[in-house]
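J.: Mind looking over this structure? Questions follow.
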Amino acid sequence: MSIIIWTIVVITVLGILLALVLYLVAMRFKVEEDPRIDLVEKAMPGANCGGCGFAGCRAFAESAVKSGSLDGHFCPVGGNDTMSAVAGILGYEVKAQAPRVAVVRCNGTCSARPKTNTYDGYPSCKVKAQLYSGDTACSFGCLGCGDCVEACQFGALSMDVETGLPVVDQEKCTACGACVKACPKAIIELRPMGPRGMREYVSCVNRDKGPAAKKACANACIGCGICVKTCTHEAIVLENNVAYIDASKCKLCRECEAMCPTGAIHGVNFPKPLDKEAVKTRIKERQLKAKEAANV
(Lines give C-alpha, C1' and ligand atoms only; values in the text may rest on other atoms or scores of the structure.)
Protein backbone atom coordinates (compact mmCIF):
# COMPACT_ATOMS: atom_id res chain seq x y z
CA MET A 1 0.00 0.00 0.00
CA SER A 2 2.85 2.37 0.87
CA ILE A 3 4.47 1.71 -2.52
CA ILE A 4 1.29 2.83 -4.28
CA ILE A 5 1.05 5.97 -2.14
CA TRP A 6 4.69 6.90 -2.76
CA THR A 7 4.25 6.28 -6.49
CA ILE A 8 1.31 8.68 -6.61
CA VAL A 9 3.22 11.29 -4.62
CA VAL A 10 6.31 11.05 -6.84
CA ILE A 11 4.27 11.29 -10.05
CA THR A 12 2.32 14.25 -8.68
CA VAL A 13 5.50 16.10 -7.65
CA LEU A 14 7.15 15.39 -11.01
CA GLY A 15 4.03 16.63 -12.80
CA ILE A 16 4.07 19.87 -10.81
CA LEU A 17 7.79 20.39 -11.42
CA LEU A 18 7.47 19.73 -15.16
CA ALA A 19 4.47 22.04 -15.41
CA LEU A 20 6.46 24.74 -13.63
CA VAL A 21 9.41 24.24 -15.98
CA LEU A 22 7.13 24.45 -19.05
CA TYR A 23 5.52 27.61 -17.67
CA LEU A 24 8.88 29.27 -17.05
CA VAL A 25 10.14 28.30 -20.53
CA ALA A 26 6.92 29.58 -22.14
CA MET A 27 7.21 32.88 -20.28
CA ARG A 28 10.89 33.17 -21.17
CA PHE A 29 10.35 32.66 -24.90
CA LYS A 30 6.89 34.24 -25.18
CA VAL A 31 6.44 36.33 -28.30
CA GLU A 32 4.40 39.46 -27.76
CA GLU A 33 1.70 39.78 -30.41
CA ASP A 34 0.14 43.02 -31.51
CA PRO A 35 -3.45 43.01 -30.18
CA ARG A 36 -4.59 44.74 -33.36
CA ILE A 37 -4.12 41.46 -35.23
CA ASP A 38 -7.09 39.97 -33.36
CA LEU A 39 -9.18 43.06 -34.06
CA VAL A 40 -8.40 42.97 -37.78
CA GLU A 41 -9.13 39.24 -37.95
CA LYS A 42 -12.53 39.81 -36.34
CA ALA A 43 -13.29 42.49 -38.93
CA MET A 44 -12.56 40.02 -41.76
CA PRO A 45 -15.38 37.91 -43.26
CA GLY A 46 -13.74 34.69 -42.07
CA ALA A 47 -13.98 32.92 -45.43
CA ASN A 48 -10.28 31.93 -45.39
CA CYS A 49 -10.55 31.54 -49.16
CA GLY A 50 -7.06 32.80 -50.00
CA GLY A 51 -8.44 35.31 -52.50
CA CYS A 52 -6.39 38.06 -50.88
CA GLY A 53 -3.18 36.18 -51.63
CA PHE A 54 -2.62 35.04 -48.04
CA ALA A 55 -3.22 31.67 -46.41
CA GLY A 56 -6.28 32.94 -44.57
CA CYS A 57 -7.84 35.85 -42.72
CA ARG A 58 -5.37 35.51 -39.83
CA ALA A 59 -2.37 35.65 -42.16
CA PHE A 60 -3.88 38.67 -43.90
CA ALA A 61 -4.35 40.43 -40.53
CA GLU A 62 -0.78 39.72 -39.44
CA SER A 63 0.63 41.04 -42.72
CA ALA A 64 -1.57 44.15 -42.68
CA VAL A 65 -0.51 45.06 -39.14
CA LYS A 66 3.19 44.46 -39.77
CA SER A 67 3.32 46.14 -43.19
CA GLY A 68 2.53 49.61 -41.93
CA SER A 69 0.12 50.25 -44.81
CA LEU A 70 -2.61 48.49 -46.77
CA ASP A 71 -0.77 48.63 -50.07
CA GLY A 72 -1.06 45.22 -51.69
CA HIS A 73 -3.79 44.17 -49.27
CA PHE A 74 -7.40 43.74 -50.35
CA CYS A 75 -10.11 41.34 -49.24
CA PRO A 76 -12.23 40.48 -52.30
CA VAL A 77 -14.92 38.80 -50.21
CA GLY A 78 -15.49 41.69 -47.80
CA GLY A 79 -14.74 44.33 -50.40
CA ASN A 80 -14.42 48.03 -49.69
CA ASP A 81 -16.56 47.88 -46.53
CA THR A 82 -14.24 45.38 -44.87
CA MET A 83 -11.14 47.28 -45.96
CA SER A 84 -12.57 50.52 -44.55
CA ALA A 85 -13.11 48.75 -41.22
CA VAL A 86 -9.54 47.40 -41.27
CA ALA A 87 -8.17 50.85 -42.14
CA GLY A 88 -10.11 52.32 -39.22
CA ILE A 89 -8.60 49.82 -36.80
CA LEU A 90 -5.05 50.37 -38.00
CA GLY A 91 -5.28 54.06 -38.76
CA TYR A 92 -4.20 53.51 -42.35
CA GLU A 93 -5.48 54.98 -45.59
CA VAL A 94 -7.15 52.70 -48.09
CA LYS A 95 -8.20 53.26 -51.69
CA ALA A 96 -11.57 51.93 -52.78
CA GLN A 97 -11.39 49.37 -55.57
CA ALA A 98 -13.95 48.71 -58.27
CA PRO A 99 -15.84 45.45 -57.65
CA ARG A 100 -14.80 42.53 -59.80
CA VAL A 101 -16.53 39.38 -60.95
CA ALA A 102 -15.46 36.08 -62.48
CA VAL A 103 -15.95 35.82 -66.25
CA VAL A 104 -15.86 32.58 -68.23
CA ARG A 105 -13.92 33.28 -71.41
CA CYS A 106 -15.16 30.29 -73.38
CA ASN A 107 -18.29 30.12 -75.51
CA GLY A 108 -17.62 26.67 -76.89
CA THR A 109 -21.09 25.29 -76.33
CA CYS A 110 -21.97 21.70 -77.15
CA SER A 111 -23.56 22.78 -80.43
CA ALA A 112 -20.73 25.11 -81.46
CA ARG A 113 -17.87 22.83 -80.47
CA PRO A 114 -18.66 19.22 -81.42
CA LYS A 115 -16.87 16.40 -79.64
CA THR A 116 -14.12 14.48 -81.37
CA ASN A 117 -13.22 12.26 -78.39
CA THR A 118 -15.00 10.61 -75.49
CA TYR A 119 -13.44 10.85 -72.05
CA ASP A 120 -14.06 7.91 -69.74
CA GLY A 121 -12.09 8.63 -66.61
CA TYR A 122 -12.09 10.50 -63.33
CA PRO A 123 -14.33 13.58 -63.72
CA SER A 124 -11.77 16.30 -63.12
CA CYS A 125 -10.59 19.08 -65.43
CA LYS A 126 -7.14 18.92 -63.85
CA VAL A 127 -6.83 15.19 -64.49
CA LYS A 128 -8.25 15.46 -67.99
CA ALA A 129 -5.87 18.31 -68.88
CA GLN A 130 -2.89 16.19 -67.86
CA LEU A 131 -4.02 13.33 -70.08
CA TYR A 132 -4.92 15.10 -73.32
CA SER A 133 -6.14 18.38 -74.83
CA GLY A 134 -9.85 17.75 -74.43
CA ASP A 135 -12.94 16.20 -76.00
CA THR A 136 -13.02 18.62 -78.95
CA ALA A 137 -10.69 19.98 -81.61
CA CYS A 138 -10.21 23.12 -79.48
CA SER A 139 -7.33 22.54 -77.09
CA PHE A 140 -7.92 25.84 -75.28
CA GLY A 141 -11.57 25.61 -74.22
CA CYS A 142 -13.47 24.48 -71.16
CA LEU A 143 -13.12 20.80 -70.26
CA GLY A 144 -16.54 20.71 -68.62
CA CYS A 145 -15.84 18.68 -65.47
CA GLY A 146 -16.68 21.49 -63.07
CA ASP A 147 -13.49 21.85 -61.03
CA CYS A 148 -14.33 25.55 -60.78
CA VAL A 149 -17.76 24.76 -59.36
CA GLU A 150 -16.25 22.59 -56.63
CA ALA A 151 -13.62 25.23 -55.82
CA CYS A 152 -16.20 27.98 -55.25
CA GLN A 153 -17.11 28.28 -51.56
CA PHE A 154 -19.96 30.67 -52.23
CA GLY A 155 -22.10 28.70 -54.67
CA ALA A 156 -21.54 31.28 -57.39
CA LEU A 157 -20.76 28.74 -60.12
CA SER A 158 -22.84 26.02 -61.71
CA MET A 159 -22.59 23.88 -64.84
CA ASP A 160 -25.10 24.49 -67.60
CA VAL A 161 -26.20 21.08 -68.82
CA GLU A 162 -27.27 22.41 -72.22
CA THR A 163 -24.07 24.29 -73.07
CA GLY A 164 -21.63 22.23 -71.00
CA LEU A 165 -20.06 25.43 -69.67
CA PRO A 166 -19.85 26.96 -66.18
CA VAL A 167 -22.18 29.85 -65.38
CA VAL A 168 -21.31 32.61 -62.90
CA ASP A 169 -23.95 34.01 -60.56
CA GLN A 170 -22.93 37.67 -60.33
CA GLU A 171 -24.87 38.20 -57.10
CA LYS A 172 -22.98 35.43 -55.30
CA CYS A 173 -19.52 35.90 -56.80
CA THR A 174 -17.02 37.50 -54.41
CA ALA A 175 -14.10 37.55 -56.88
CA CYS A 176 -12.02 35.44 -54.50
CA GLY A 177 -10.22 33.86 -57.45
CA ALA A 178 -10.63 30.23 -56.35
CA CYS A 179 -12.21 29.30 -59.68
CA VAL A 180 -9.40 31.02 -61.56
CA LYS A 181 -6.83 28.89 -59.76
CA ALA A 182 -8.88 25.71 -60.23
CA CYS A 183 -9.21 26.01 -64.02
CA PRO A 184 -6.29 24.28 -65.80
CA LYS A 185 -7.17 25.99 -69.08
CA ALA A 186 -7.11 29.52 -67.61
CA ILE A 187 -10.43 30.45 -69.20
CA ILE A 188 -11.80 32.18 -66.08
CA GLU A 189 -10.77 35.77 -65.48
CA LEU A 190 -11.58 38.30 -62.77
CA ARG A 191 -12.78 41.45 -64.52
CA PRO A 192 -14.25 44.75 -63.29
CA MET A 193 -17.98 44.35 -62.83
CA GLY A 194 -18.58 47.59 -64.69
CA PRO A 195 -21.10 50.38 -64.19
CA ARG A 196 -24.45 48.83 -63.21
CA GLY A 197 -22.89 45.46 -63.98
CA MET A 198 -22.46 46.23 -67.69
CA ARG A 199 -19.31 44.91 -69.32
CA GLU A 200 -17.86 43.70 -72.61
CA TYR A 201 -15.41 40.84 -72.99
CA VAL A 202 -14.09 38.38 -75.55
CA SER A 203 -15.45 34.97 -74.64
CA CYS A 204 -12.61 32.99 -76.18
CA VAL A 205 -8.95 32.22 -75.49
CA ASN A 206 -8.23 30.11 -78.57
CA ARG A 207 -4.80 31.10 -79.90
CA ASP A 208 -4.99 29.05 -83.09
CA LYS A 209 -5.11 30.86 -86.41
CA GLY A 210 -8.52 31.80 -87.78
CA PRO A 211 -9.35 28.78 -89.98
CA ALA A 212 -8.29 26.26 -87.32
CA ALA A 213 -10.12 28.10 -84.54
CA LYS A 214 -13.30 28.41 -86.62
CA LYS A 215 -13.20 24.74 -87.56
CA ALA A 216 -12.86 23.71 -83.92
CA CYS A 217 -15.57 26.06 -82.61
CA ALA A 218 -18.16 28.13 -84.47
CA ASN A 219 -18.09 30.75 -81.70
CA ALA A 220 -14.32 31.17 -81.56
CA CYS A 221 -12.39 34.40 -82.01
CA ILE A 222 -10.70 34.06 -85.39
CA GLY A 223 -8.25 36.94 -84.93
CA CYS A 224 -9.64 38.89 -87.88
CA GLY A 225 -8.98 42.23 -86.17
CA ILE A 226 -12.31 43.81 -87.17
CA CYS A 227 -13.01 44.69 -83.55
CA VAL A 228 -9.62 46.39 -83.22
CA LYS A 229 -10.26 48.53 -86.31
CA THR A 230 -13.81 49.32 -85.17
CA CYS A 231 -12.96 50.47 -81.65
CA THR A 232 -12.32 54.21 -81.49
CA HIS A 233 -11.10 54.07 -77.89
CA GLU A 234 -8.07 51.78 -78.41
CA ALA A 235 -9.58 49.37 -75.90
CA ILE A 236 -8.95 46.21 -77.92
CA VAL A 237 -5.69 44.50 -78.71
CA LEU A 238 -5.01 41.44 -80.82
CA GLU A 239 -2.32 39.13 -79.49
CA ASN A 240 -1.59 35.51 -80.37
CA ASN A 241 -4.57 35.43 -82.76
CA VAL A 242 -7.12 36.33 -80.09
CA ALA A 243 -8.66 39.70 -79.19
CA TYR A 244 -8.74 41.12 -75.68
CA ILE A 245 -10.75 44.07 -74.34
CA ASP A 246 -9.14 46.38 -71.79
CA ALA A 247 -11.96 47.13 -69.35
CA SER A 248 -10.30 50.35 -68.21
CA LYS A 249 -10.53 51.80 -71.74
CA CYS A 250 -13.82 50.29 -72.91
CA LYS A 251 -16.66 52.84 -73.21
CA LEU A 252 -19.36 50.14 -73.57
CA CYS A 253 -20.44 51.41 -77.00
CA ARG A 254 -20.95 47.76 -78.12
CA GLU A 255 -19.67 48.47 -81.62
CA CYS A 256 -17.12 45.66 -81.42
CA GLU A 257 -19.84 43.26 -80.31
CA ALA A 258 -22.00 44.21 -83.29
CA MET A 259 -19.15 43.82 -85.78
CA CYS A 260 -17.72 40.51 -84.51
CA PRO A 261 -18.43 37.93 -87.26
CA THR A 262 -18.48 34.93 -84.90
CA GLY A 263 -20.21 36.41 -81.85
CA ALA A 264 -17.12 35.92 -79.72
CA ILE A 265 -17.59 39.30 -78.02
CA HIS A 266 -20.24 39.35 -75.31
CA GLY A 267 -22.06 42.23 -73.69
CA VAL A 268 -23.55 41.61 -70.25
CA ASN A 269 -26.34 43.35 -68.31
CA PHE A 270 -27.15 46.01 -70.87
CA PRO A 271 -30.70 47.35 -70.48
CA LYS A 272 -31.59 46.86 -74.15
CA PRO A 273 -30.83 44.09 -76.65
CA LEU A 274 -28.10 44.94 -79.13
CA ASP A 275 -29.44 46.28 -82.45
CA LYS A 276 -26.57 45.15 -84.65
CA GLU A 277 -27.89 46.70 -87.85
CA ALA A 278 -28.36 50.11 -86.24
CA VAL A 279 -24.84 50.01 -84.80
CA LYS A 280 -23.35 48.93 -88.14
CA THR A 281 -25.16 51.80 -89.85
CA ARG A 282 -23.76 54.22 -87.30
CA ILE A 283 -20.24 52.94 -87.91
CA LYS A 284 -20.59 53.24 -91.69
CA GLU A 285 -21.83 56.82 -91.39
CA ARG A 286 -18.91 57.72 -89.14
CA GLN A 287 -16.40 56.14 -91.49
CA LEU A 288 -17.97 57.92 -94.47
CA LYS A 289 -17.72 61.28 -92.71
CA ALA A 290 -14.09 60.55 -91.86
CA LYS A 291 -13.29 59.85 -95.52
CA GLU A 292 -15.07 62.98 -96.66
CA ALA A 293 -13.15 65.05 -94.12
CA ALA A 294 -9.89 63.49 -95.25
CA ASN A 295 -10.59 64.38 -98.87
CA VAL A 296 -11.33 68.03 -98.11
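By convention here, the chains of the C-alpha coordinates are called A, B, ... in the order presented, each chain's residues are numbered starting at 1, and ligands are numbered starting at 1 in the order presented.
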With range 88-111 of chain A as the partner and 9 Å as the cut-off, tabulate the residues of range 177-204 of chain A that qualify, each row holding the nearest pair of atoms and their distance in Å to one decimal, using only C-alpha atoms, sorted by chain and rising number, as JSON lines.

T.:
{"residue": "A:Gly177", "atom": "CA", "partner": "A:Ala102", "partner_atom": "CA", "distance": 7.6}
{"residue": "A:Cys179", "atom": "CA", "partner": "A:Ala102", "partner_atom": "CA", "distance": 8.0}
{"residue": "A:Val180", "atom": "CA", "partner": "A:Ala102", "partner_atom": "CA", "distance": 7.9}
{"residue": "A:Ala186", "atom": "CA", "partner": "A:Arg105", "partner_atom": "CA", "distance": 8.7}
{"residue": "A:Ile187", "atom": "CA", "partner": "A:Arg105", "partner_atom": "CA", "distance": 5.0}
{"residue": "A:Ile188", "atom": "CA", "partner": "A:Val104", "partner_atom": "CA", "distance": 4.6}
{"residue": "A:Glu189", "atom": "CA", "partner": "A:Val103", "partner_atom": "CA", "distance": 5.2}
{"residue": "A:Leu190", "atom": "CA", "partner": "A:Ala102", "partner_atom": "CA", "distance": 4.5}
{"residue": "A:Arg191", "atom": "CA", "partner": "A:Arg100", "partner_atom": "CA", "distance": 5.2}
{"residue": "A:Pro192", "atom": "CA", "partner": "A:Arg100", "partner_atom": "CA", "distance": 4.2}
{"residue": "A:Met193", "atom": "CA", "partner": "A:Arg100", "partner_atom": "CA", "distance": 4.8}
{"residue": "A:Gly194", "atom": "CA", "partner": "A:Pro99", "partner_atom": "CA", "distance": 7.9}
{"residue": "A:Tyr201", "atom": "CA", "partner": "A:Arg105", "partner_atom": "CA", "distance": 7.9}
{"residue": "A:Val202", "atom": "CA", "partner": "A:Arg105", "partner_atom": "CA", "distance": 6.6}
{"residue": "A:Ser203", "atom": "CA", "partner": "A:Arg105", "partner_atom": "CA", "distance": 4.0}
{"residue": "A:Cys204", "atom": "CA", "partner": "A:Cys106", "partner_atom": "CA", "distance": 4.7}

J.: Between A:Leu288, A:Met83, A:Cys224, A:Val25, which residue has the minimum interatomic distance to Asn240 in chain A, considering only C-alpha atoms?

T.: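 Among the listed residues, the smallest separation from Asn240 in chain A belongs to A:Cys224.
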
J.: Can you list, as number ranges by chain, every residue of range 85-267 of chain A that DSSP puts in helix (DSSP H, G or I)?

T.: A: 85-90, 125-131, 147-151, 178-182, 195-197, 210-216, 226-230, 255-259

J.: Print the selection's residues with N, CA and C atoms to a file, as a CSV table (one decimal), in the first residue's frame.

T.:
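What landed in again38.csv:
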chain,number,residue,atom,x,y,z
A,85,ALA,N,-13.1,49.1,-42.6
A,85,ALA,CA,-13.1,48.8,-41.2
A,85,ALA,C,-11.7,48.4,-40.8
A,86,VAL,N,-10.9,47.7,-41.6
A,86,VAL,CA,-9.5,47.4,-41.3
A,86,VAL,C,-8.7,48.7,-41.2
A,87,ALA,N,-8.9,49.6,-42.1
A,87,ALA,CA,-8.2,50.8,-42.1
A,87,ALA,C,-8.5,51.7,-40.9
A,88,GLY,N,-9.7,51.6,-40.4
A,88,GLY,CA,-10.1,52.3,-39.2
A,88,GLY,C,-9.4,51.8,-38.0
A,89,ILE,N,-9.3,50.5,-37.9
A,89,ILE,CA,-8.6,49.8,-36.8
A,89,ILE,C,-7.1,50.2,-36.8
A,90,LEU,N,-6.5,50.2,-37.9
A,90,LEU,CA,-5.1,50.4,-38.0
A,90,LEU,C,-4.7,51.8,-38.2
A,125,CYS,N,-11.3,18.3,-64.4
A,125,CYS,CA,-10.6,19.1,-65.4
A,125,CYS,C,-9.1,19.0,-65.3
A,126,LYS,N,-8.6,19.0,-64.1
A,126,LYS,CA,-7.1,18.9,-63.8
A,126,LYS,C,-6.6,17.6,-64.3
A,127,VAL,N,-7.3,16.5,-64.0
A,127,VAL,CA,-6.8,15.2,-64.5
A,127,VAL,C,-6.9,15.1,-66.0
A,128,LYS,N,-8.0,15.5,-66.5
A,128,LYS,CA,-8.2,15.5,-68.0
A,128,LYS,C,-7.2,16.3,-68.7
A,129,ALA,N,-6.9,17.5,-68.2
A,129,ALA,CA,-5.9,18.3,-68.9
A,129,ALA,C,-4.5,17.7,-68.9
A,130,GLN,N,-4.2,16.9,-67.9
A,130,GLN,CA,-2.9,16.2,-67.9
A,130,GLN,C,-2.8,15.0,-68.8
A,131,LEU,N,-4.0,14.5,-69.2
A,131,LEU,CA,-4.0,13.3,-70.1
A,131,LEU,C,-4.0,13.7,-71.6
A,147,ASP,N,-14.4,21.6,-62.1
A,147,ASP,CA,-13.5,21.9,-61.0
A,147,ASP,C,-13.7,23.2,-60.4
A,148,CYS,N,-14.1,24.2,-61.3
A,148,CYS,CA,-14.3,25.6,-60.8
A,148,CYS,C,-15.5,25.6,-59.9
A,149,VAL,N,-16.5,24.8,-60.2
A,149,VAL,CA,-17.8,24.8,-59.4
A,149,VAL,C,-17.4,24.2,-58.0
A,150,GLU,N,-16.6,23.2,-57.9
A,150,GLU,CA,-16.2,22.6,-56.6
A,150,GLU,C,-15.4,23.5,-55.8
A,151,ALA,N,-14.6,24.3,-56.5
A,151,ALA,CA,-13.6,25.2,-55.8
A,151,ALA,C,-14.3,26.4,-55.2
A,178,ALA,N,-10.8,31.7,-56.5
A,178,ALA,CA,-10.6,30.2,-56.3
A,178,ALA,C,-10.9,29.5,-57.7
A,179,CYS,N,-11.9,29.9,-58.4
A,179,CYS,CA,-12.2,29.3,-59.7
A,179,CYS,C,-11.1,29.5,-60.7
A,180,VAL,N,-10.5,30.7,-60.6
A,180,VAL,CA,-9.4,31.0,-61.6
A,180,VAL,C,-8.2,30.1,-61.3
A,181,LYS,N,-7.9,29.8,-60.1
A,181,LYS,CA,-6.8,28.9,-59.8
A,181,LYS,C,-7.2,27.4,-60.1
A,182,ALA,N,-8.5,27.1,-60.0
A,182,ALA,CA,-8.9,25.7,-60.2
A,182,ALA,C,-8.9,25.3,-61.7
A,195,PRO,N,-20.0,49.6,-64.7
A,195,PRO,CA,-21.1,50.4,-64.2
A,195,PRO,C,-22.4,49.7,-64.3
A,196,ARG,N,-23.2,49.5,-63.3
A,196,ARG,CA,-24.5,48.8,-63.2
A,196,ARG,C,-24.3,47.4,-63.7
A,197,GLY,N,-23.1,46.8,-63.6
A,197,GLY,CA,-22.9,45.5,-64.0
A,197,GLY,C,-22.7,45.3,-65.5
A,210,GLY,N,-7.1,31.7,-87.5
A,210,GLY,CA,-8.5,31.8,-87.8
A,210,GLY,C,-9.2,30.5,-88.3
A,211,PRO,N,-8.7,30.0,-89.4
A,211,PRO,CA,-9.4,28.8,-90.0
A,211,PRO,C,-9.4,27.6,-89.0
A,212,ALA,N,-8.3,27.4,-88.3
A,212,ALA,CA,-8.3,26.3,-87.3
A,212,ALA,C,-9.2,26.5,-86.2
A,213,ALA,N,-9.2,27.8,-85.7
A,213,ALA,CA,-10.1,28.1,-84.5
A,213,ALA,C,-11.6,28.0,-84.9
A,214,LYS,N,-11.9,28.5,-86.1
A,214,LYS,CA,-13.3,28.4,-86.6
A,214,LYS,C,-13.8,27.0,-86.8
A,215,LYS,N,-12.9,26.1,-87.3
A,215,LYS,CA,-13.2,24.7,-87.6
A,215,LYS,C,-13.5,24.0,-86.2
A,216,ALA,N,-12.7,24.4,-85.2
A,216,ALA,CA,-12.9,23.7,-83.9
A,216,ALA,C,-14.1,24.2,-83.2
A,226,ILE,N,-11.2,42.9,-86.9
A,226,ILE,CA,-12.3,43.8,-87.2
A,226,ILE,C,-12.7,44.6,-85.9
A,227,CYS,N,-12.7,44.0,-84.8
A,227,CYS,CA,-13.0,44.7,-83.6
A,227,CYS,C,-12.0,45.8,-83.2
A,228,VAL,N,-10.7,45.4,-83.5
A,228,VAL,CA,-9.6,46.4,-83.2
A,228,VAL,C,-9.8,47.6,-84.1
A,229,LYS,N,-10.1,47.4,-85.4
A,229,LYS,CA,-10.3,48.5,-86.3
A,229,LYS,C,-11.5,49.3,-86.0
A,230,THR,N,-12.5,48.7,-85.5
A,230,THR,CA,-13.8,49.3,-85.2
A,230,THR,C,-13.7,50.2,-83.9
A,255,GLU,N,-19.9,48.5,-80.2
A,255,GLU,CA,-19.7,48.5,-81.6
A,255,GLU,C,-18.9,47.2,-82.0
A,256,CYS,N,-17.9,46.9,-81.1
A,256,CYS,CA,-17.1,45.7,-81.4
A,256,CYS,C,-18.0,44.4,-81.4
A,257,GLU,N,-18.9,44.4,-80.4
A,257,GLU,CA,-19.8,43.3,-80.3
A,257,GLU,C,-20.7,43.1,-81.6
A,258,ALA,N,-21.2,44.2,-82.1
A,258,ALA,CA,-22.0,44.2,-83.3
A,258,ALA,C,-21.2,43.8,-84.5
A,259,MET,N,-20.0,44.1,-84.6
A,259,MET,CA,-19.2,43.8,-85.8
A,259,MET,C,-18.5,42.4,-85.8

J.: Rounded to one decimal place, report the CA of Asp135 in chain A-CA of Tyr119 in chain A distance in Å.

T.: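 The value is 6.7 Å.
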
J.: Can you list, as a ChimeraX atom specification, every protein, DNA or RNA residue that comes within 7 Å of Leu157 in chain A when you count only C-alpha atoms, leaving out same-chain residues fewer than 3 positions away?

T.: /A:149,152,166-169

J.: Pull all heavy atoms from the residues just selected and write them as a CSV table (one decimal), in the first residue's frame.

T.:
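Heads up, here's the output in selection.csv:
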chain,number,residue,atom,x,y,z
A,149,VAL,N,-16.5,24.8,-60.2
A,149,VAL,CA,-17.8,24.8,-59.4
A,149,VAL,C,-17.4,24.2,-58.0
A,149,VAL,O,-17.9,24.8,-56.9
A,149,VAL,CB,-18.8,23.9,-60.0
A,149,VAL,CG1,-20.1,23.8,-59.1
A,149,VAL,CG2,-19.2,24.5,-61.4
A,152,CYS,N,-15.5,26.8,-55.7
A,152,CYS,CA,-16.2,28.0,-55.2
A,152,CYS,C,-16.9,27.7,-53.9
A,152,CYS,O,-17.7,26.8,-53.8
A,152,CYS,CB,-17.2,28.4,-56.3
A,152,CYS,SG,-18.1,29.9,-55.8
A,166,PRO,N,-19.5,26.4,-67.5
A,166,PRO,CA,-19.9,27.0,-66.2
A,166,PRO,C,-20.5,28.3,-66.3
A,166,PRO,O,-20.3,29.1,-67.2
A,166,PRO,CB,-18.5,27.1,-65.5
A,166,PRO,CG,-17.5,27.2,-66.6
A,166,PRO,CD,-18.1,26.4,-67.7
A,167,VAL,N,-21.4,28.6,-65.4
A,167,VAL,CA,-22.2,29.8,-65.4
A,167,VAL,C,-21.9,30.5,-64.0
A,167,VAL,O,-22.0,29.9,-63.0
A,167,VAL,CB,-23.7,29.6,-65.5
A,167,VAL,CG1,-24.5,30.9,-65.5
A,167,VAL,CG2,-24.0,28.9,-66.9
A,168,VAL,N,-21.6,31.8,-64.1
A,168,VAL,CA,-21.3,32.6,-62.9
A,168,VAL,C,-22.5,33.4,-62.4
A,168,VAL,O,-23.2,34.1,-63.2
A,168,VAL,CB,-20.2,33.6,-63.2
A,168,VAL,CG1,-19.9,34.4,-61.9
A,168,VAL,CG2,-18.9,32.9,-63.6
A,169,ASP,N,-22.9,33.2,-61.2
A,169,ASP,CA,-24.0,34.0,-60.6
A,169,ASP,C,-23.3,35.3,-60.0
A,169,ASP,O,-22.6,35.3,-59.0
A,169,ASP,CB,-24.6,33.2,-59.4
A,169,ASP,CG,-25.8,33.9,-58.8
A,169,ASP,OD1,-25.9,35.2,-58.9
A,169,ASP,OD2,-26.7,33.3,-58.3

J.: When you look at Asn48 in chain A with a cut-off of 9 Å (counting only C-alpha atoms), what residues show up, excluding the ones that are within fewer than 6 positions of it in the same chain? I need them as a list in words.

T.: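 Once the nearby chain positions are removed, what remains is Phe54, Ala55, Gly56, Cys57 and Arg58 of chain A.
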
J.: Could the residues in this selection be saved with all heavy atoms as an mmCIF file, in the first residue's frame?

T.:
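Full text of again_7.cif as output:
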data_model
loop_
_atom_site.group_PDB
_atom_site.id
_atom_site.type_symbol
_atom_site.label_atom_id
_atom_site.label_comp_id
_atom_site.auth_asym_id
_atom_site.auth_seq_id
_atom_site.Cartn_x
_atom_site.Cartn_y
_atom_site.Cartn_z
ATOM 1 N N PHE A 54 -3.196 35.576 -49.272
ATOM 2 C CA PHE A 54 -2.622 35.040 -48.037
ATOM 3 C C PHE A 54 -3.307 33.721 -47.677
ATOM 4 O O PHE A 54 -4.365 33.393 -48.225
ATOM 5 C CB PHE A 54 -2.772 36.055 -46.902
ATOM 6 C CG PHE A 54 -2.025 37.344 -47.140
ATOM 7 C CD1 PHE A 54 -2.646 38.418 -47.763
ATOM 8 C CD2 PHE A 54 -0.698 37.473 -46.770
ATOM 9 C CE1 PHE A 54 -1.966 39.601 -48.003
ATOM 10 C CE2 PHE A 54 0.003 38.648 -47.005
ATOM 11 C CZ PHE A 54 -0.635 39.714 -47.628
ATOM 12 N N ALA A 55 -2.705 32.985 -46.757
ATOM 13 C CA ALA A 55 -3.223 31.667 -46.410
ATOM 14 C C ALA A 55 -4.609 31.713 -45.813
ATOM 15 O O ALA A 55 -5.368 30.748 -45.901
ATOM 16 C CB ALA A 55 -2.257 30.978 -45.444
ATOM 17 N N GLY A 56 -4.965 32.803 -45.182
ATOM 18 C CA GLY A 56 -6.279 32.942 -44.574
ATOM 19 C C GLY A 56 -6.429 34.320 -43.973
ATOM 20 O O GLY A 56 -5.560 35.190 -44.111
ATOM 21 N N CYS A 57 -7.561 34.533 -43.300
ATOM 22 C CA CYS A 57 -7.839 35.850 -42.716
ATOM 23 C C CYS A 57 -6.816 36.221 -41.645
ATOM 24 O O CYS A 57 -6.445 37.392 -41.513
ATOM 25 C CB CYS A 57 -9.249 35.866 -42.129
ATOM 26 S SG CYS A 57 -10.554 35.699 -43.379
ATOM 27 N N ARG A 58 -6.362 35.244 -40.868
ATOM 28 C CA ARG A 58 -5.367 35.510 -39.831
ATOM 29 C C ARG A 58 -4.047 35.965 -40.443
ATOM 30 O O ARG A 58 -3.429 36.932 -39.983
ATOM 31 C CB ARG A 58 -5.146 34.250 -38.984
ATOM 32 C CG ARG A 58 -4.147 34.425 -37.832
ATOM 33 C CD ARG A 58 -4.741 35.254 -36.727
ATOM 34 N NE ARG A 58 -3.835 35.440 -35.602
ATOM 35 C CZ ARG A 58 -4.159 36.084 -34.488
ATOM 36 N NH1 ARG A 58 -5.383 36.587 -34.353
ATOM 37 N NH2 ARG A 58 -3.291 36.234 -33.504
#

J.: Residues at most 12 Å from Glu33 in chain A, counting only C-alpha atoms, excluding those fewer than 2 positions away in the same chain, as a list in words?

T.: Lys30, Val31, Pro35, Arg36, Ile37, Asp38, Leu39, Ala61, Glu62, Val65 and Lys66 of chain A
